[in-house]
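So this block is model_14.txt, compact mmCIF, C-alpha atoms and all ligand atoms:
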```txt
# COMPACT_ATOMS: atom_id res chain seq x y z
CA VAL A 212 60.68 92.03 106.76
CA SER A 213 60.80 88.80 104.86
CA HIS A 214 63.40 86.85 106.75
CA VAL A 215 65.15 86.51 110.07
CA VAL A 216 66.42 89.92 111.13
CA LEU A 217 68.66 88.87 113.97
CA GLY A 218 70.74 85.77 114.36
CA MET A 219 71.19 83.29 111.59
CA PRO A 220 69.59 83.51 108.17
CA GLY A 221 67.63 80.62 106.74
CA LEU A 222 68.92 78.95 103.57
CA ARG A 223 67.29 80.81 100.74
CA ARG A 224 67.62 81.28 96.99
CA GLY A 225 67.68 84.87 95.79
CA ALA A 226 66.90 88.05 97.65
CA PRO A 227 63.44 89.60 97.28
CA GLY A 228 63.01 91.40 94.00
CA THR A 229 66.45 90.47 92.76
CA THR A 230 66.07 86.82 91.77
CA PRO A 231 69.39 86.13 90.08
CA ALA A 232 69.42 84.31 86.76
CA PRO A 233 69.73 80.54 87.28
CA SER A 234 72.97 79.04 86.15
CA GLY A 235 74.31 75.67 85.16
CA ARG A 236 77.04 75.85 87.81
CA PRO A 237 77.30 72.78 90.04
CA ASP A 238 77.34 74.90 93.21
CA GLY A 239 74.12 76.64 92.14
CA ARG A 240 75.74 80.06 92.23
CA PRO A 241 74.13 82.49 89.80
CA ASP A 242 76.55 83.51 87.04
CA ASP A 243 76.03 87.15 86.98
CA ALA A 244 74.53 88.57 90.15
CA GLY A 245 76.48 90.75 92.57
CA LEU A 246 77.94 89.37 95.77
CA VAL A 247 75.19 86.97 96.82
CA ASP A 248 75.48 84.01 99.15
CA ARG A 249 73.60 80.75 99.65
CA PHE A 250 71.39 82.42 102.24
CA GLY A 251 70.16 85.14 99.91
CA ARG A 252 72.20 87.95 101.41
CA HIS A 253 73.70 90.60 99.12
CA ALA A 254 76.99 92.20 100.09
CA THR A 255 77.01 95.84 99.04
CA ASP A 256 79.23 97.28 101.77
CA LEU A 257 82.99 96.86 101.29
CA ARG A 258 85.41 97.31 104.20
CA VAL A 259 88.96 97.93 103.07
CA SER A 260 91.81 97.71 105.54
CA LEU A 261 94.61 100.03 104.46
CA THR A 262 97.24 98.90 106.96
CA ASP A 263 97.60 96.62 109.97
CA ARG A 264 99.74 99.20 111.78
CA CYS A 265 98.52 101.47 114.51
CA ASN A 266 99.78 104.31 116.68
CA LEU A 267 97.56 103.33 119.64
CA ARG A 268 97.51 100.08 121.57
CA CYS A 269 93.90 99.66 122.70
CA SER A 270 94.02 96.80 125.17
CA TYR A 271 91.04 95.02 123.57
CA CYS A 272 92.77 95.11 120.20
CA MET A 273 96.52 94.58 120.47
CA PRO A 274 99.32 94.14 123.01
CA GLU A 275 101.25 97.10 124.36
CA GLN A 276 104.38 96.24 122.40
CA GLY A 277 102.45 96.14 119.12
CA LEU A 278 102.51 93.27 116.64
CA ASP A 279 104.76 92.02 113.85
CA TRP A 280 103.52 94.31 111.10
CA MET A 281 103.06 93.01 107.59
CA PRO A 282 106.12 93.55 105.36
CA ASP A 283 105.64 96.19 102.67
CA GLU A 284 105.82 93.80 99.73
CA ARG A 285 102.79 91.95 101.04
CA LEU A 286 100.70 95.12 101.28
CA LEU A 287 98.59 96.17 98.34
CA THR A 288 99.81 99.34 96.67
CA ASP A 289 97.46 102.32 96.37
CA ASP A 290 96.84 101.43 92.72
CA GLU A 291 96.08 97.79 93.56
CA ILE A 292 93.59 98.88 96.21
CA VAL A 293 91.88 101.24 93.82
CA ARG A 294 91.68 98.54 91.16
CA LEU A 295 89.98 96.08 93.51
CA VAL A 296 87.58 98.75 94.76
CA ARG A 297 86.76 99.56 91.14
CA VAL A 298 86.01 95.89 90.37
CA ALA A 299 83.72 95.79 93.42
CA VAL A 300 81.84 98.96 92.48
CA ASP A 301 81.77 98.49 88.70
CA ARG A 302 80.95 94.80 88.57
CA LEU A 303 79.81 93.53 91.93
CA GLY A 304 77.20 95.98 93.14
CA VAL A 305 79.19 97.50 96.01
CA ARG A 306 77.66 100.83 97.04
CA GLU A 307 79.52 101.71 100.22
CA VAL A 308 83.25 101.67 100.83
CA ARG A 309 84.67 102.09 104.30
CA PHE A 310 88.40 102.47 104.87
CA THR A 311 89.76 101.07 108.09
CA GLY A 312 92.77 99.22 109.53
CA GLY A 313 94.90 99.19 111.76
CA GLU A 314 94.89 102.97 111.57
CA PRO A 315 93.97 104.15 108.06
CA LEU A 316 95.35 107.66 108.65
CA LEU A 317 98.82 106.07 108.70
CA ARG A 318 98.39 105.46 104.96
CA LYS A 319 99.93 108.41 103.12
CA GLY A 320 97.95 107.84 99.95
CA LEU A 321 94.59 107.88 101.75
CA GLU A 322 93.33 111.13 100.21
CA ARG A 323 94.15 109.87 96.70
CA ILE A 324 92.53 106.51 97.34
CA VAL A 325 89.39 108.26 98.57
CA GLU A 326 89.39 110.60 95.59
CA GLN A 327 89.70 107.73 93.10
CA THR A 328 86.98 105.80 94.91
CA THR A 329 84.52 108.66 94.82
CA ALA A 330 85.25 109.10 91.10
CA LEU A 331 83.67 105.66 90.53
CA ARG A 332 79.97 105.24 89.77
CA THR A 333 77.65 102.52 91.05
CA ALA A 334 75.06 100.87 88.80
CA ASP A 335 72.71 103.70 89.84
CA GLY A 336 75.17 106.23 88.43
CA VAL A 337 76.13 107.74 91.78
CA PRO A 338 79.50 107.70 93.58
CA PRO A 339 79.87 105.02 96.24
CA GLN A 340 79.41 106.33 99.79
CA THR A 341 82.82 106.53 101.41
CA ALA A 342 83.58 106.50 105.11
CA LEU A 343 86.56 106.13 107.41
CA THR A 344 86.92 104.30 110.71
CA THR A 345 89.77 105.93 112.60
CA ASN A 346 91.27 106.69 115.99
CA ALA A 347 91.44 110.34 114.78
CA LEU A 348 95.13 110.89 115.57
CA GLY A 349 96.21 113.39 112.93
CA LEU A 350 92.66 113.87 111.66
CA ALA A 351 92.73 117.53 112.72
CA ARG A 352 95.28 118.17 109.97
CA ARG A 353 93.62 116.04 107.30
CA ALA A 354 89.85 116.31 107.75
CA ALA A 355 89.44 119.16 105.26
CA ALA A 356 91.52 117.42 102.57
CA LEU A 357 89.62 114.18 103.08
CA ALA A 358 86.30 115.96 102.75
CA ALA A 359 87.58 117.65 99.59
CA ALA A 360 88.56 114.23 98.23
CA GLY A 361 84.93 113.17 98.60
CA LEU A 362 84.91 111.37 101.93
CA ALA A 363 81.37 111.43 103.33
CA ARG A 364 81.67 110.43 106.98
CA VAL A 365 83.95 109.30 109.79
CA ASN A 366 83.57 106.94 112.71
CA VAL A 367 86.00 107.77 115.48
CA SER A 368 86.90 105.27 118.17
CA LEU A 369 86.82 106.77 121.64
CA ASP A 370 86.12 104.79 124.80
CA THR A 371 86.45 107.48 127.46
CA ILE A 372 86.65 111.24 127.84
CA ASP A 373 88.87 110.95 130.89
CA ARG A 374 92.49 111.58 129.95
CA GLU A 375 94.00 109.13 132.41
CA ARG A 376 91.61 106.38 131.43
CA PHE A 377 92.32 107.06 127.78
CA ALA A 378 96.02 106.61 128.42
CA ARG A 379 95.35 103.43 130.37
CA ILE A 380 93.20 101.88 127.64
CA THR A 381 95.26 102.94 124.62
CA HIS A 382 98.71 103.10 126.27
CA ARG A 383 99.19 106.56 124.77
CA ASP A 384 98.37 109.98 126.31
CA ARG A 385 96.63 111.32 123.19
CA LEU A 386 93.08 112.25 124.20
CA PRO A 387 93.51 115.95 123.21
CA ASP A 388 94.53 114.92 119.66
CA VAL A 389 91.42 112.76 119.32
CA LEU A 390 89.17 115.58 120.49
CA ALA A 391 90.83 117.97 118.03
CA GLY A 392 90.33 115.43 115.25
CA LEU A 393 86.66 115.08 116.10
CA ALA A 394 86.11 118.83 116.03
CA ALA A 395 87.92 119.11 112.69
CA ALA A 396 85.83 116.30 111.18
CA ASP A 397 82.67 118.05 112.30
CA ALA A 398 83.86 121.39 110.92
CA ALA A 399 84.78 119.75 107.59
CA GLY A 400 81.25 118.37 107.24
CA LEU A 401 82.18 114.69 107.68
CA THR A 402 78.85 114.29 109.43
CA PRO A 403 77.12 112.85 111.28
CA VAL A 404 80.36 112.20 113.16
CA LYS A 405 79.92 108.84 114.85
CA ILE A 406 81.84 107.59 117.85
CA ASN A 407 82.52 103.92 118.56
CA ALA A 408 83.08 103.03 122.20
CA VAL A 409 84.02 99.71 123.77
CA LEU A 410 83.36 99.29 127.50
CA LEU A 411 85.75 97.24 129.58
CA ARG A 412 84.79 95.89 132.95
CA GLY A 413 86.47 97.69 135.81
CA VAL A 414 88.04 100.22 133.44
CA ASN A 415 85.34 102.40 131.87
CA ASP A 416 82.11 100.43 132.33
CA ASP A 417 80.79 103.12 134.69
CA GLU A 418 81.21 105.82 132.07
CA ALA A 419 78.40 105.07 129.60
CA PRO A 420 76.04 107.86 130.77
CA ALA A 421 78.81 110.49 130.97
CA LEU A 422 80.05 109.55 127.52
CA LEU A 423 76.55 109.81 126.10
CA ARG A 424 75.93 113.17 127.78
CA TRP A 425 79.15 114.52 126.32
CA ALA A 426 78.42 113.09 122.84
CA VAL A 427 74.87 114.44 122.56
CA ASP A 428 76.01 117.86 123.77
CA ALA A 429 78.77 117.90 121.16
CA GLY A 430 76.45 116.64 118.42
CA TYR A 431 78.23 113.31 117.88
CA GLU A 432 76.35 110.05 117.45
CA LEU A 433 77.61 107.52 119.99
CA ARG A 434 77.52 103.76 119.50
CA PHE A 435 78.68 101.19 122.00
CA ILE A 436 80.25 98.01 120.61
CA GLU A 437 80.28 94.79 122.61
CA GLN A 438 83.81 93.59 123.03
CA MET A 439 84.52 90.76 120.59
CA PRO A 440 87.09 87.95 120.65
CA LEU A 441 89.36 89.59 118.09
CA ASP A 442 92.31 90.87 120.12
CA ALA A 443 95.74 89.62 119.14
CA GLN A 444 96.54 88.37 122.63
CA GLY A 445 93.43 86.24 123.14
CA GLY A 446 92.33 88.18 126.23
CA TRP A 447 88.57 88.15 125.57
CA GLU A 448 86.33 86.36 128.03
CA ARG A 449 82.62 85.91 127.62
CA SER A 450 82.11 86.04 131.36
CA THR A 451 83.63 89.49 131.80
CA MET A 452 82.54 91.30 128.64
CA VAL A 453 80.06 94.13 129.17
CA THR A 454 76.81 93.15 127.45
CA ALA A 455 74.40 95.33 125.50
CA GLN A 456 71.82 94.69 128.19
CA GLU A 457 74.12 96.08 130.87
CA ILE A 458 75.02 99.08 128.73
CA LEU A 459 71.35 99.93 128.16
CA ALA A 460 70.55 99.51 131.85
CA SER A 461 73.38 101.85 132.74
CA LEU A 462 72.24 104.47 130.20
CA ARG A 463 68.68 104.26 131.49
CA THR A 464 69.81 105.42 134.92
CA ALA A 465 70.39 108.85 133.32
CA PHE A 466 68.32 108.97 130.13
CA GLU A 467 64.99 107.95 128.76
CA LEU A 468 65.61 105.65 125.79
CA THR A 469 62.91 104.86 123.26
CA PRO A 470 63.28 102.65 120.19
CA ASP A 471 64.36 104.66 117.15
CA PRO A 472 61.65 104.56 114.48
CA ALA A 473 64.30 104.89 111.72
CA ALA A 474 64.82 101.61 109.87
CA ARG A 475 67.86 99.60 110.87
CA GLY A 476 68.54 98.22 107.39
CA GLY A 477 71.84 96.37 107.20
CA SER A 478 73.24 98.43 110.07
CA PRO A 479 74.62 96.41 112.96
CA ALA A 480 73.65 99.12 115.43
CA GLU A 481 70.29 99.02 117.17
CA THR A 482 69.46 102.63 117.93
CA TRP A 483 67.43 104.45 120.57
CA LEU A 484 66.24 108.02 120.81
CA VAL A 485 67.75 109.79 123.81
CA ASP A 486 65.16 111.67 125.89
CA GLY A 487 62.68 111.57 123.04
CA GLY A 488 65.31 112.61 120.48
CA GLY A 489 66.11 115.89 122.22
CA PRO A 490 64.94 119.31 121.06
CA ASP A 491 66.35 118.77 117.56
CA GLY A 492 64.87 115.26 117.27
CA ARG A 493 68.25 113.88 116.27
CA ARG A 494 69.74 112.64 119.51
CA ARG A 495 70.26 108.93 119.42
CA VAL A 496 72.51 106.22 120.75
CA GLY A 497 73.40 102.89 119.18
CA VAL A 498 74.46 99.55 120.56
CA ILE A 499 76.24 96.99 118.41
CA ALA A 500 75.59 93.70 120.16
CA SER A 501 77.73 91.46 117.98
CA VAL A 502 78.04 88.84 120.71
CA THR A 503 74.72 88.74 122.52
CA ARG A 504 72.44 89.69 119.59
CA PRO A 505 74.28 88.81 116.39
CA PHE A 506 72.98 90.35 113.18
CA CYS A 507 74.45 87.84 110.71
CA GLY A 508 71.07 87.39 109.02
CA ASP A 509 71.21 90.95 107.74
CA CYS A 510 74.93 91.13 107.02
CA ASP A 511 75.82 93.05 103.86
CA ARG A 512 79.61 93.14 104.31
CA THR A 513 82.55 91.98 102.28
CA ARG A 514 86.10 92.63 103.48
CA LEU A 515 89.50 93.18 101.95
CA THR A 516 92.62 93.08 104.12
CA ALA A 517 95.64 95.32 103.60
CA ASP A 518 97.52 92.36 102.12
CA GLY A 519 94.83 91.67 99.57
CA GLN A 520 92.93 88.82 101.21
CA LEU A 521 89.22 88.68 100.79
CA ARG A 522 87.14 87.75 103.84
CA ASP A 523 83.41 87.13 103.88
CA CYS A 524 83.16 87.80 107.63
CA LEU A 525 85.20 89.33 110.47
CA PHE A 526 85.16 85.88 112.01
CA ALA A 527 85.84 83.86 108.85
CA ARG A 528 88.45 81.15 109.21
CA GLY A 529 89.34 81.18 105.52
CA GLU A 530 90.40 83.84 103.02
CA THR A 531 90.67 84.23 99.26
CA ASP A 532 93.99 85.50 97.95
CA LEU A 533 93.09 88.31 95.56
CA ARG A 534 96.62 89.72 95.75
CA ALA A 535 98.10 86.58 94.19
CA LEU A 536 95.48 86.65 91.45
CA LEU A 537 96.05 90.34 90.83
CA ARG A 538 99.83 90.01 90.70
CA SER A 539 99.65 87.00 88.37
CA GLY A 540 97.87 89.12 85.78
CA ALA A 541 94.21 88.24 86.36
CA SER A 542 91.63 90.24 84.40
CA ASP A 543 88.89 92.26 86.08
CA ASP A 544 86.46 89.49 85.09
CA GLU A 545 88.58 86.87 86.81
CA LEU A 546 88.91 88.99 89.93
CA ALA A 547 85.15 89.56 90.01
CA ASP A 548 84.47 85.86 89.58
CA ALA A 549 86.83 84.91 92.42
CA TRP A 550 85.13 87.51 94.63
CA ARG A 551 81.67 86.13 93.83
CA GLY A 552 82.82 82.59 94.52
CA ALA A 553 84.26 83.58 97.90
CA MET A 554 81.06 85.32 98.99
CA TRP A 555 78.86 82.48 97.81
CA ALA A 556 80.59 80.26 100.39
CA LYS A 557 79.85 82.63 103.32
CA GLU A 558 78.62 80.86 106.44
CA ALA A 559 75.24 81.60 108.02
CA GLY A 560 76.71 83.14 111.17
CA HIS A 561 79.77 83.58 113.35
CA GLY A 562 78.62 81.69 116.43
CA ILE A 563 80.70 83.72 118.93
CA ASP A 564 78.36 82.82 121.74
CA ASP A 565 78.63 79.11 120.92
CA PRO A 566 81.07 77.03 123.00
CA SER A 567 82.56 75.60 119.79
CA PHE A 568 83.50 79.08 118.52
CA LEU A 569 87.09 79.39 117.34
CA GLN A 570 88.72 82.81 117.19
CA PRO A 571 90.07 83.71 113.73
CA VAL A 572 93.84 83.55 113.36
CA ARG A 573 94.07 87.19 112.33
CA PRO A 574 93.40 89.82 114.97
CA MET A 575 90.96 92.67 114.28
CA SER A 576 93.80 95.09 113.51
CA ALA A 577 94.97 92.88 110.63
CA ILE A 578 91.46 92.23 109.30
CA GLY A 579 90.03 95.73 109.43
CA GLY A 580 87.34 96.53 111.96
N1 LIG B 1 92.12 102.20 114.23
C1 LIG B 1 90.82 102.49 113.79
C2 LIG B 1 89.87 102.70 114.95
O1 LIG B 1 90.24 102.34 116.08
O2 LIG B 1 88.77 103.19 114.72
C3 LIG B 1 90.21 101.47 112.85
C4 LIG B 1 90.45 100.03 113.16
S1 LIG B 1 89.73 99.43 114.67
C5 LIG B 1 90.24 97.75 114.63
C6 LIG B 1 88.01 99.45 114.25
C7 LIG B 1 87.05 99.37 115.38
O3 LIG B 1 87.17 98.11 115.97
C8 LIG B 1 87.24 100.38 116.48
O4 LIG B 1 86.02 101.06 116.69
C9 LIG B 1 87.60 99.55 117.69
O5 LIG B 1 87.07 100.10 118.86
C10 LIG B 1 86.95 98.26 117.36
N2 LIG B 1 87.55 97.11 118.03
C11 LIG B 1 88.85 96.72 118.06
N3 LIG B 1 88.99 95.59 118.77
C12 LIG B 1 87.75 95.25 119.18
C13 LIG B 1 87.23 94.17 119.96
N4 LIG B 1 88.03 93.21 120.44
N5 LIG B 1 85.90 94.13 120.17
C14 LIG B 1 85.08 95.10 119.69
N6 LIG B 1 85.51 96.13 118.95
C15 LIG B 1 86.83 96.21 118.71
FE1 LIG B 2 94.57 100.92 116.86
FE2 LIG B 2 91.98 100.96 116.29
FE3 LIG B 2 93.13 98.75 117.37
FE4 LIG B 2 92.87 100.94 118.86
S1 LIG B 2 91.20 99.71 117.98
S2 LIG B 2 94.74 99.66 118.68
S3 LIG B 2 93.14 102.55 117.40
S4 LIG B 2 93.52 99.57 115.36
```
Would you kindly transcribe this structure into structure tokens?
Ligand code: SAM
Ligand code: SF4
Amino acid sequence: VSHVVLGMPGLRRGAPGTTPAPSGRPDGRPDDAGLVDRFGRHATDLRVSLTDRCNLRCSYCMPEQGLDWMPDERLLTDDEIVRLVRVAVDRLGVREVRFTGGEPLLRKGLERIVEQTTALRTADGVPPQTALTTNALGLARRAAALAAAGLARVNVSLDTIDRERFARITHRDRLPDVLAGLAAADAAGLTPVKINAVLLRGVNDDEAPALLRWAVDAGYELRFIEQMPLDAQGGWERSTMVTAQEILASLRTAFELTPDPAARGGSPAETWLVDGGGPDGRRRVGVIASVTRPFCGDCDRTRLTADGQLRDCLFARGETDLRALLRSGASDDELADAWRGAMWAKEAGHGIDDPSFLQPVRPMSAIGG
């Protein structure tokens, strides 16, 4: 590893082996590389939010009464989304596309968007890898069609397997629908099915071992995510969030965890083998410690919101308005150039754990998690 793996990256010109052509631009940005930044990171993983709406109300994400949803005319159309994804894959080196939200299954055109995305080809001549982050409501009915459209994998958010707790966290009594969606995703081959869980103190922070037992038995790959300051109501507190260290300590009361020899790459999850990997050698658990062990130095993300704003980070305080460019008749070249310029300006890190940290104006549900 040639640079800082965790925390902040050092200022650097060019990633190893991919030294971009020098340019005469005053900001030093190479003319023609993909999505590179001043710290030598390459963004190859695009997160596309398809809507800010949701049919759950997870307490760490949005208030019980919901939010003021974006008006339809501000949302990108299916065709506009596909065009921007095409620019990213054709011209900017994006290799992975993840659809998220809000709840992406609320988007009727999802199957078509996935199909048109997987029809694209990266510079290596292969389709981009597509994935979906979802609460799984309604997935039971759509998993097969999504797989047929070319979707590769799903990440399902599930914080508890106790029905009452589920209803308390999400304000909806829908655990059976989520479990049905998970089973359907598995049956449709959207594997490995991953589960994202957030632990909340005094609500489900005692459930980590039970959740892991259930997930390994079902063949799902569980990852715990530290709660981040991204809820719409500003309810996050550093002092009460459940840390990665606590989660691991709790898991170790029931399992033997050993570091996973598989390379982490740009993945935010640090993974451990569960009881030696189990009989099939594939049992693992991940922890995404965005707050206590930030991975900004290895970030490979670029983000598009449902209303066509480009963000270089979940925690960015600025955005680039690709929708306005698109609707004023910009060419693919112009869109690509604006995208490169936005990523070049990406900051070294988010600084959540720093007292001067300011929460972004948009909540997670309107950015795309
Ligand atoms: N509705 C879909 C879902 O829940 O999977 C996709 C959008 S959701 C915003 C994406 C992910 O963000 C989910 O795994 C959710 O648990 C996570 N998330 C939401 N708010 C969070 C917060 N404040 N801290 C950490 N993770 C959060
Ligand atoms: Fe909806 Fe996902 Fe937010 Fe839960 S985390 S309220 S499912 S957008």
Within-12 Å shell of (94.5, 99.3, 90.7) in input frame, all atoms listed in the file, as an mmCIF file with C-alpha atoms, in the frame of the given file:
```cif
data_model
loop_
_atom_site.group_PDB
_atom_site.id
_atom_site.type_symbol
_atom_site.label_atom_id
_atom_site.label_comp_id
_atom_site.auth_asym_id
_atom_site.auth_seq_id
_atom_site.Cartn_x
_atom_site.Cartn_y
_atom_site.Cartn_z
ATOM 1 C CA LEU A 287 98.590 96.170 98.340
ATOM 2 C CA THR A 288 99.810 99.340 96.670
ATOM 3 C CA ASP A 289 97.460 102.320 96.370
ATOM 4 C CA ASP A 290 96.840 101.430 92.720
ATOM 5 C CA GLU A 291 96.080 97.790 93.560
ATOM 6 C CA ILE A 292 93.590 98.880 96.210
ATOM 7 C CA VAL A 293 91.880 101.240 93.820
ATOM 8 C CA ARG A 294 91.680 98.540 91.160
ATOM 9 C CA LEU A 295 89.980 96.080 93.510
ATOM 10 C CA VAL A 296 87.580 98.750 94.760
ATOM 11 C CA ARG A 297 86.760 99.560 91.140
ATOM 12 C CA VAL A 298 86.010 95.890 90.370
ATOM 13 C CA ALA A 299 83.720 95.790 93.420
ATOM 14 C CA ILE A 324 92.530 106.510 97.340
ATOM 15 C CA GLN A 327 89.700 107.730 93.100
ATOM 16 C CA THR A 328 86.980 105.800 94.910
ATOM 17 C CA GLY A 519 94.830 91.670 99.570
ATOM 18 C CA ARG A 534 96.620 89.720 95.750
ATOM 19 C CA LEU A 537 96.050 90.340 90.830
ATOM 20 C CA ARG A 538 99.830 90.010 90.700
ATOM 21 C CA GLY A 540 97.870 89.120 85.780
ATOM 22 C CA ALA A 541 94.210 88.240 86.360
ATOM 23 C CA SER A 542 91.630 90.240 84.400
ATOM 24 C CA ASP A 543 88.890 92.260 86.080
ATOM 25 C CA LEU A 546 88.910 88.990 89.930
#
```
Please enclose the listed atoms of ligand LIG 1 (chain B) in an axis-aligned box, pad each side by 4 Å, and write out the centre and the three edge lengths in Å, rounded to one decimal, as lines of an AutoDock Vina configuration file.
```
center_x = 88.6
center_y = 98.2
center_z = 116.6
size_x = 15.0
size_y = 18.0
size_z = 15.6
```
For this session: Give the residues close to ligand LIG 2 (chain B), within 7 Å, counting only C-alpha atoms and all ligand atoms; write them as a ChimeraX atom specification.
Result: /A:265-269,272-273,312-314,345-346,368,381,576
Exercise. Pick the closest to ligand LIG 1 (chain B) from A:Leu433, A:Ala577, A:Ala399, A:Ala549: which is it, counting all atoms listed in the file?
Worked result: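 Nearest candidate to ligand LIG 1 (chain B) out of A:Leu433, A:Ala577, A:Ala399, A:Ala549: A:Ala577.
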Problem set entry | Selection within 9 Å of ligand LIG 1 (chain B) by only C-alpha atoms and all ligand atoms, output as a ChimeraX atom specification | /A:260,263-267,269-273,310-316,343-347,366-370,406-409,436-443,446-447,501,574-580
Save the residues we just selected, C-alpha atoms, as a compact mmCIF listing (two decimals), keeping the file's coordinate frame?
```
# COMPACT_ATOMS: atom_id res chain seq x y z
CA SER A 260 91.81 97.71 105.54
CA ASP A 263 97.60 96.62 109.97
CA ARG A 264 99.74 99.20 111.78
CA CYS A 265 98.52 101.47 114.51
CA ASN A 266 99.78 104.31 116.68
CA LEU A 267 97.56 103.33 119.64
CA CYS A 269 93.90 99.66 122.70
CA SER A 270 94.02 96.80 125.17
CA TYR A 271 91.04 95.02 123.57
CA CYS A 272 92.77 95.11 120.20
CA MET A 273 96.52 94.58 120.47
CA PHE A 310 88.40 102.47 104.87
CA THR A 311 89.76 101.07 108.09
CA GLY A 312 92.77 99.22 109.53
CA GLY A 313 94.90 99.19 111.76
CA GLU A 314 94.89 102.97 111.57
CA PRO A 315 93.97 104.15 108.06
CA LEU A 316 95.35 107.66 108.65
CA LEU A 343 86.56 106.13 107.41
CA THR A 344 86.92 104.30 110.71
CA THR A 345 89.77 105.93 112.60
CA ASN A 346 91.27 106.69 115.99
CA ALA A 347 91.44 110.34 114.78
CA ASN A 366 83.57 106.94 112.71
CA VAL A 367 86.00 107.77 115.48
CA SER A 368 86.90 105.27 118.17
CA LEU A 369 86.82 106.77 121.64
CA ASP A 370 86.12 104.79 124.80
CA ILE A 406 81.84 107.59 117.85
CA ASN A 407 82.52 103.92 118.56
CA ALA A 408 83.08 103.03 122.20
CA VAL A 409 84.02 99.71 123.77
CA ILE A 436 80.25 98.01 120.61
CA GLU A 437 80.28 94.79 122.61
CA GLN A 438 83.81 93.59 123.03
CA MET A 439 84.52 90.76 120.59
CA PRO A 440 87.09 87.95 120.65
CA LEU A 441 89.36 89.59 118.09
CA ASP A 442 92.31 90.87 120.12
CA ALA A 443 95.74 89.62 119.14
CA GLY A 446 92.33 88.18 126.23
CA TRP A 447 88.57 88.15 125.57
CA SER A 501 77.73 91.46 117.98
CA PRO A 574 93.40 89.82 114.97
CA MET A 575 90.96 92.67 114.28
CA SER A 576 93.80 95.09 113.51
CA ALA A 577 94.97 92.88 110.63
CA ILE A 578 91.46 92.23 109.30
CA GLY A 579 90.03 95.73 109.43
CA GLY A 580 87.34 96.53 111.96
```
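The spacing separating CA of Arg376 in chain A from CA of Gln456 in chain A amounts to 23.2 Å.
The space between CA of Asp388 in chain A and CA of Ile372 in chain A spans 11.9 Å.
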Exercise. With distances taken over all atoms listed in the file, which of A:His253, A:Arg434, A:Arg236, A:Arg379 is nearest to Asp523 in chain A?
Worked result: A:His253
For this session: Calculate how many Å separate CA of Gly487 in chain A from CA of Thr464 in chain A, rounding to one decimal.
Result: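 Atom-to-atom, CA of Gly487 in chain A to CA of Thr464 in chain A, that is 15.2 Å.
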For this session: Return the single residue from A:Ala473, A:Leu362, A:Leu246, A:Leu348 that is closest to Leu317 in chain A, with distances computed using only C-alpha atoms.
Result: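 When distances to Leu317 in chain A are compared using only C-alpha atoms, the smallest one comes from A:Leu348.
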Seminar exercise, completed: Of A:Leu484, A:Ala547, A:Ile458, A:Leu278, the one sitting nearest Gln444 in chain A when using all atoms listed in the file is A:Leu278
For this session: Would you please work out which residue, of A:Glu275, A:Glu326, A:Asp243, A:Glu432, is nearest to Leu303 in chain A when using only C-alpha atoms?
Result: A:Asp243
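In this comparison, which uses all atoms listed in the file, the residue of A:Glu322, A:Glu467, A:Asp373, A:Glu448 approaching Ala421 in chain A most closely is A:Asp373.
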